[in-house]
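Participant: Here it is: the structure, laid out below.
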Amino acid sequence: MSSDLSSLLNSSRALNAHLSKPDLPTVNLSLDQIEAQSRRLVSRQPAAATDADRANYLLAQAHVDAPALASSIAHLNTSTTFSPLQPLQDTDVAGYLRHAHEQNLISTIEEGRRETQEAFYNLLEERSRKDWEAKKRRVFEELGGRSLAVATAGDGKALAEMKKTFHSRANLAASTGPSLTLQMQSKMMAYDRTICELNAARLRGMSCPIIHLLMQAAANLSQDPSSTQMSLNCQILVKITGEPPALPPVEHAGAHILNTPLFERKYARAYLGDPESREAASLRAQIAKGGREALEDQFWDIIERGIQARAVEARLGGDPSVANKIRAFLGVKYYKNGQWEDHIEIVAGQPLWAKLFYLVRTGHAQEALDETLRCQAAIEHREPSFASHFRSWIESPDRRLSKSHRDYLQSVYNAHMLHAATTDPFKLALYKLMGRLEPSRRSVPHVTATTEDWLWFQLAMVDEEEEGGLRGLTEVLLSYGEHHFEATKKGVWASVLLMCGQFERAVAALWEHPETEVEAVHLAIALAYHGLLRVPPRAETSDLSPLTISPVHPPALSLSTLIWRYVRQFVKMDAKEALQYVYCVCLAADQGNGVGNETLESAWELVRRIIVLAHSGPAWDELVGGFRPEGTKFNGIVEQGAPLLHLQNITQYNNQILIRAARECEENDRIPEAIKLYNLAGDYATVIACLAQALGNTLSLPMAENEKGKIVEKTAIEILKHYERMNRAVGKEREAAVRLLRVREAINAKNAGRPDVALDIMESTDLIPLDGDVAKITRRAEEFKDLHDALQRNLQIYLPLTMDCLAALHQSIKTSSAITEATRQMSLTTLRKKSRSLMVFAGILKYRMSPDVYSYLARLDVEISL
């Protein structure tokens, strides 16, 4: 090892031996000496400046004494941070209270800041989660993934599914939604019957009680928890819209149509128009009233069920009147251990204030007035003039008193009710309702105990001329948010939004939960039917959510997006039902600012998409129409529903639906369907052109892969026979289609072992001159460029086909012993003549075929010539 190192040292010194450096001495040091010298040199260098020194230097330039500040911080005593600056004496009560008050303010501010910050981050996290879920769901829907559960089952599995989807050949329009359970399918089938009834009534020009039909469908699904909430939502809408349960009976159908009020788009003008108009204010008042009445009916049902469940405690007796039932309910709720609860005031031997309030709360205002007049003397002894004011309030059409009456009620309320510790809360609530007192104080103890009671009280206090009306209440409810209401009762948030007129938000709230998606779609259709749904312009429509929220415009809901996401799950299996839903998109066709026209275009696009995606067969023909064997045309379901799509005439129907759907079928490689659609639209020239192209494309496919070609051929044969009989589309295109069919027929004959038949068929097409006339062959070769493109493109198909037939016949005749020699020679001569003619023709068009094909033809020609 030492010798190796020595030789290495000598070699290294020899590298610069040729350089002369007499001024540089030679240094011979060991490794230890080199290390020691290095450490000595480092110790002589000044210490490097630390980050703290650099910071102090920069701060000093800005006239900041960093060391002094650091010293102050080091000696800071934080234990007295919240102590008074001056010590308080033990007897300084005022100073102590002042200091405690200041500390409470500081603590409150800090607690409020902390709660606000926490609420902000919670809201931010929730919104981010919802946005991510919506985007993830949208991606899997568009890419044809299975369900959202695939994405949440694990990142690796979701990534694998997405990779499979990206490599699939299915386009976005053909992707399917999540797999449906049996329960979900049953629910969808129960509801889709109502949509069919709705469209049937629209076609007849009649109104349809769509909300009542949806309510019946929900009642039939009593096992589904979401159906109960759907029934409640429908009850709210019935009260808001005033939709009758059924159409009135009439003598005959004509009178039925004349006597039936039209509910379709009844409220569209007021809802979609100027929000400051009188019509819009009246509609908002109607919405608030409808929501209040729905809560009244709901509460009355609760009271009746409660009395039946606790009949012994209720002691209803033989009096089934409304007032007696309220008395029984109050006994069950507030009468304990032989006495009434402390906050209940007894008047005329009964809890009168509570009784009057619950009569009003359940919508029995007249009964409440009757009870007031019956006990007027006892009431006047306690509250003078209450009965007269209560009567005026009950009998006013909008439950609104004059300003003088309200001022009087306000003075009474302020004088001996507001701050009294023993005031009956129900009497307090009645005064607040009559005078609409203190609308900002939205709760009354013991009165607004439940969410429904609280909502009813807010709606009863709404006044469109004060405090922003229903819109002011809506802002308050939206500020509370979904979690505030959903924490006590699941599914109530959508009902809250309906009662305050936020119909688009209500549908979106249902759509966000998979178990209520079906209800969301049908609720949106019912709202659109009555004109209570706003559709956004196409430019403002989001791909992630059907709901559009704008700071300058009211919320809007894309009905077309919602319906397509719903029907795409079954469009391939049941295109007719999907079409019924698409008809409902056109309910918003009357919306202004161009949105209605965009809505119609969206509906037409969805119809075309359904036609393209639907499975071929009898059901597809029933969808689009077709021709009977004798040639007569029958209309499809789409054309029958053309009035619902606002297609005014057959020309518009052909242009917007059939022809454009045919083009989309072509793009999706559904040629037979495209041909049928062009044929139905009366575009016969395009039919023949499409047939020729399709026949040309399928001609070269082998028989094992030519299932599509068989369908095209069958369609072509039927259409060409019909066109020949009707003398339609005469010309180059039809002639090319006929020739291509003959070529396919020759191929089939040759594959069946009948070359003689195949050769006769090819000669009948007159595509290849085989008579040996050189002038004719030359002329025909020059005319080749004028043939249809499909015929030119398949030259390499039918030339070898014809030569194969000649070669097969040549071999058969040459080896046959059943014919005479003279006949054999004559036949062989004829075959050689035809083969030579084909080669001359192929030689002229040699530039249009590959060298391999030409070599193949030449080889067979040589075999035939021998």
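Numbering starts fresh at 1 for the residues of each chain in the structure tokens, the chains themselves are lettered A, B, ... in the order given, and ligands are numbered from 1 as they appear.
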Identify, with DSSP run on backbone atoms, the residues in stretch 458-663 of chain A assigned to strand (DSSP E), and express the list as a PyMOL selection string.
Facilitator: chain A and resi 547-548+556-557+625-627+633-635
Participant: Include N, CA, C and O atoms and write out the residues we just selected as an mmCIF file, in the first residue's frame.
Facilitator:
data_model
loop_
_atom_site.group_PDB
_atom_site.id
_atom_site.type_symbol
_atom_site.label_atom_id
_atom_site.label_comp_id
_atom_site.auth_asym_id
_atom_site.auth_seq_id
_atom_site.Cartn_x
_atom_site.Cartn_y
_atom_site.Cartn_z
ATOM 1 N N LEU A 547 -77.716 26.325 -8.783
ATOM 2 C CA LEU A 547 -78.109 27.599 -8.169
ATOM 3 C C LEU A 547 -77.103 28.678 -8.522
ATOM 4 O O LEU A 547 -75.890 28.471 -8.435
ATOM 5 N N THR A 548 -77.608 29.846 -8.917
ATOM 6 C CA THR A 548 -76.774 30.990 -9.247
ATOM 7 C C THR A 548 -77.067 32.107 -8.254
ATOM 8 O O THR A 548 -78.205 32.575 -8.147
ATOM 9 N N ALA A 556 -81.191 32.483 -8.757
ATOM 10 C CA ALA A 556 -81.790 31.836 -9.930
ATOM 11 C C ALA A 556 -81.354 30.389 -9.959
ATOM 12 O O ALA A 556 -80.284 30.031 -9.442
ATOM 13 N N LEU A 557 -82.184 29.551 -10.561
ATOM 14 C CA LEU A 557 -81.921 28.114 -10.608
ATOM 15 C C LEU A 557 -82.014 27.631 -12.046
ATOM 16 O O LEU A 557 -83.013 27.879 -12.717
ATOM 17 N N GLY A 625 -90.394 8.485 -34.332
ATOM 18 C CA GLY A 625 -91.276 8.255 -35.473
ATOM 19 C C GLY A 625 -90.616 7.367 -36.505
ATOM 20 O O GLY A 625 -89.479 6.912 -36.343
ATOM 21 N N GLY A 626 -91.326 7.112 -37.593
ATOM 22 C CA GLY A 626 -90.766 6.266 -38.640
ATOM 23 C C GLY A 626 -91.759 6.030 -39.755
ATOM 24 O O GLY A 626 -92.771 6.732 -39.879
ATOM 25 N N PHE A 627 -91.448 5.032 -40.584
ATOM 26 C CA PHE A 627 -92.290 4.689 -41.730
ATOM 27 C C PHE A 627 -92.757 3.246 -41.596
ATOM 28 O O PHE A 627 -91.979 2.362 -41.231
ATOM 29 N N LYS A 633 -96.032 7.357 -42.974
ATOM 30 C CA LYS A 633 -95.246 7.850 -41.848
ATOM 31 C C LYS A 633 -96.099 7.892 -40.593
ATOM 32 O O LYS A 633 -97.278 8.216 -40.635
ATOM 33 N N PHE A 634 -95.487 7.548 -39.433
ATOM 34 C CA PHE A 634 -96.157 7.725 -38.147
ATOM 35 C C PHE A 634 -95.289 8.626 -37.263
ATOM 36 O O PHE A 634 -94.065 8.564 -37.297
ATOM 37 N N ASN A 635 -95.951 9.482 -36.495
ATOM 38 C CA ASN A 635 -95.254 10.457 -35.668
ATOM 39 C C ASN A 635 -94.757 9.813 -34.382
ATOM 40 O O ASN A 635 -95.390 8.922 -33.823
#
Participant: If you run DSSP over the backbone, which residues in stretch 367-485 of chain A end up helix (DSSP H, G or I)? Put them as a ChimeraX atom specification.
Facilitator: /A:367-374,376-382,386-395,403-416,425-435,451-461,469-480,482-485
Participant: So which one's closest to A:Met230, A:His522, A:Lys714, A:Arg848, A:His513? Using only C-alpha atoms, please.
Facilitator: A:His522
Participant: So that I can check the surroundings of A:Gly592, please list as a list in words every protein, DNA and RNA residue that reaches within 10 Å of it, counting only C-alpha atoms and ignoring chain neighbours fewer than 3 positions away.
Facilitator: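 Final neighbour list, sorted by chain and number: Arg269, Leu272, Gly273, Ala588, Ala589, Val595, Gly596 and Asn597 of chain A.
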Participant: Report as a PDB file with C-alpha atoms, in the first residue's frame all protein, DNA and RNA residues lying within 8 Å of A:Leu677, evaluated on only C-alpha atoms, omitting residues in the same chain fewer than 3 positions from it.
Facilitator:
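Writing done, so here's part.pdb:
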ATOM      1  CA  VAL A 624     -88.739   9.774 -33.085  1.00  0.00           C
ATOM      2  CA  LEU A 658     -84.430  15.966 -36.372  1.00  0.00           C
ATOM      3  CA  ILE A 659     -81.708  17.361 -38.614  1.00  0.00           C
ATOM      4  CA  ALA A 661     -79.990  15.284 -33.921  1.00  0.00           C
ATOM      5  CA  ALA A 662     -79.051  13.437 -37.106  1.00  0.00           C
ATOM      6  CA  GLU A 673     -80.084   6.425 -36.683  1.00  0.00           C
ATOM      7  CA  ALA A 674     -78.777   9.502 -38.502  1.00  0.00           C
ATOM      8  CA  LEU A 680     -87.993  11.683 -41.259  1.00  0.00           C
ATOM      9  CA  ALA A 681     -86.995  15.306 -41.759  1.00  0.00           C
TER      10      ALA A 681
END
Participant: Which neighbours of A:Lys576 fall inside 9 Å, counting only C-alpha atoms, when residues of the same chain fewer than 2 positions from it are skipped, and could you give them as a PDB file with N, CA and C atoms, in the first residue's frame?
Facilitator:
ATOM      1  N   VAL A 571     -81.822   7.815 -18.902  1.00  0.00           N
ATOM      2  CA  VAL A 571     -82.171   8.225 -20.261  1.00  0.00           C
ATOM      3  C   VAL A 571     -82.001   7.084 -21.262  1.00  0.00           C
ATOM      4  N   ASP A 574     -84.996   4.431 -20.353  1.00  0.00           N
ATOM      5  CA  ASP A 574     -86.373   4.893 -20.524  1.00  0.00           C
ATOM      6  C   ASP A 574     -86.344   6.316 -21.060  1.00  0.00           C
ATOM      7  N   ALA A 578     -87.663  10.281 -19.683  1.00  0.00           N
ATOM      8  CA  ALA A 578     -86.716  11.394 -19.643  1.00  0.00           C
ATOM      9  C   ALA A 578     -87.229  12.569 -20.469  1.00  0.00           C
ATOM     10  N   LEU A 579     -87.859  12.268 -21.577  1.00  0.00           N
ATOM     11  CA  LEU A 579     -88.399  13.314 -22.440  1.00  0.00           C
ATOM     12  C   LEU A 579     -89.506  14.094 -21.739  1.00  0.00           C
ATOM     13  N   GLN A 580     -90.311  13.420 -20.921  1.00  0.00           N
ATOM     14  CA  GLN A 580     -91.372  14.104 -20.193  1.00  0.00           C
ATOM     15  C   GLN A 580     -90.798  15.176 -19.271  1.00  0.00           C
ATOM     16  N   ILE A 610     -81.166  13.212 -25.846  1.00  0.00           N
ATOM     17  CA  ILE A 610     -81.915  11.990 -25.520  1.00  0.00           C
ATOM     18  C   ILE A 610     -82.033  11.098 -26.751  1.00  0.00           C
ATOM     19  N   ALA A 619     -88.377   0.931 -29.451  1.00  0.00           N
ATOM     20  CA  ALA A 619     -88.613   2.057 -28.544  1.00  0.00           C
ATOM     21  C   ALA A 619     -88.042   3.346 -29.121  1.00  0.00           C
ATOM     22  N   GLU A 622     -90.383   4.520 -31.765  1.00  0.00           N
ATOM     23  CA  GLU A 622     -91.548   5.116 -31.124  1.00  0.00           C
ATOM     24  C   GLU A 622     -91.237   6.516 -30.618  1.00  0.00           C
ATOM     25  N   LEU A 623     -89.998   6.745 -30.276  1.00  0.00           N
ATOM     26  CA  LEU A 623     -89.588   8.056 -29.770  1.00  0.00           C
ATOM     27  C   LEU A 623     -89.557   9.106 -30.871  1.00  0.00           C
ATOM     28  N   ILE A 637     -93.075  10.265 -30.301  1.00  0.00           N
ATOM     29  CA  ILE A 637     -93.463  10.967 -29.073  1.00  0.00           C
ATOM     30  C   ILE A 637     -92.906  12.388 -29.065  1.00  0.00           C
ATOM     31  N   VAL A 638     -91.722  12.570 -29.602  1.00  0.00           N
ATOM     32  CA  VAL A 638     -91.126  13.908 -29.622  1.00  0.00           C
ATOM     33  C   VAL A 638     -91.985  14.857 -30.443  1.00  0.00           C
TER      34      VAL A 638
END
Participant: Which residues, written as JSON, numbers by chain, have at least one atom at most 9 Å from stretch 403-410 of chain A, with only C-alpha atoms counted and residues fewer than 6 positions away on the same chain left out?
Facilitator: {"A": [386, 389, 431, 432, 434, 435, 436, 437]}
Participant: Nearest residue to A:Leu806 out of A:Asp131, A:Glu383, A:Asp852, A:Asp756, using only C-alpha atoms?
Facilitator: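 That would be A:Asp756, the residue with the smallest distance to A:Leu806.
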Participant: Within 12 Å of A:Glu540, counting only C-alpha atoms, which residues qualify if same-chain residues fewer than 3 places away don't, as a ChimeraX atom specification?
Facilitator: /A:535-537,543-550,553,555-558,595,598
Participant: Atoms to include: C-alpha atoms. Write the selected residues as a CSV table (one decimal), in the first residue's frame.
Facilitator:
chain,number,residue,atom,x,y,z
A,535,VAL,CA,-83.9,30.8,-14.4
A,536,PRO,CA,-80.5,32.4,-14.9
A,537,PRO,CA,-79.0,33.5,-18.2
A,543,ASP,CA,-71.4,23.8,-14.2
A,544,LEU,CA,-70.9,22.9,-10.5
A,545,SER,CA,-74.3,24.0,-9.0
A,546,PRO,CA,-77.7,24.7,-10.6
A,547,LEU,CA,-78.1,27.6,-8.2
A,548,THR,CA,-76.8,31.0,-9.2
A,549,ILE,CA,-76.2,33.6,-6.5
A,550,SER,CA,-75.5,37.1,-7.7
A,553,HIS,CA,-79.7,39.9,-8.9
A,555,PRO,CA,-81.1,33.9,-6.8
A,556,ALA,CA,-81.8,31.8,-9.9
A,557,LEU,CA,-81.9,28.1,-10.6
A,558,SER,CA,-81.0,26.4,-13.9
A,595,VAL,CA,-83.5,34.0,-20.9
A,598,GLU,CA,-82.0,30.4,-24.1
Participant: Taking only C-alpha atoms into account, name the residue in A:Leu799, A:Val412, A:Leu828, A:Leu283 that is nearest to A:Tyr854.
Facilitator: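 Of A:Leu799, A:Val412, A:Leu828, A:Leu283, the one nearest A:Tyr854, counting only C-alpha atoms, is A:Leu799.
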Participant: Of the candidates A:Ala311, A:Val496, A:Ile611, A:Cys690, which shows the shortest atom-to-atom distance to A:Glu666, using only C-alpha atoms?
Facilitator: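 The shortest atom-to-atom distance to A:Glu666 comes from A:Cys690.
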Participant: Using only C-alpha atoms, can you tell me which of A:Gly205, A:Val518, A:Glu724, A:Cys584 comes closest to A:Ser186?
Facilitator: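 When distances to A:Ser186 are compared using only C-alpha atoms, the smallest one comes from A:Val518.
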Participant: Expressed in Å to a single decimal, how great is the separation between atom CA of A:Pro672 and atom CA of A:Tyr581?
Facilitator: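 Taking atom CA of A:Pro672 as the start and atom CA of A:Tyr581 as the end point, the length is 26.6 Å.
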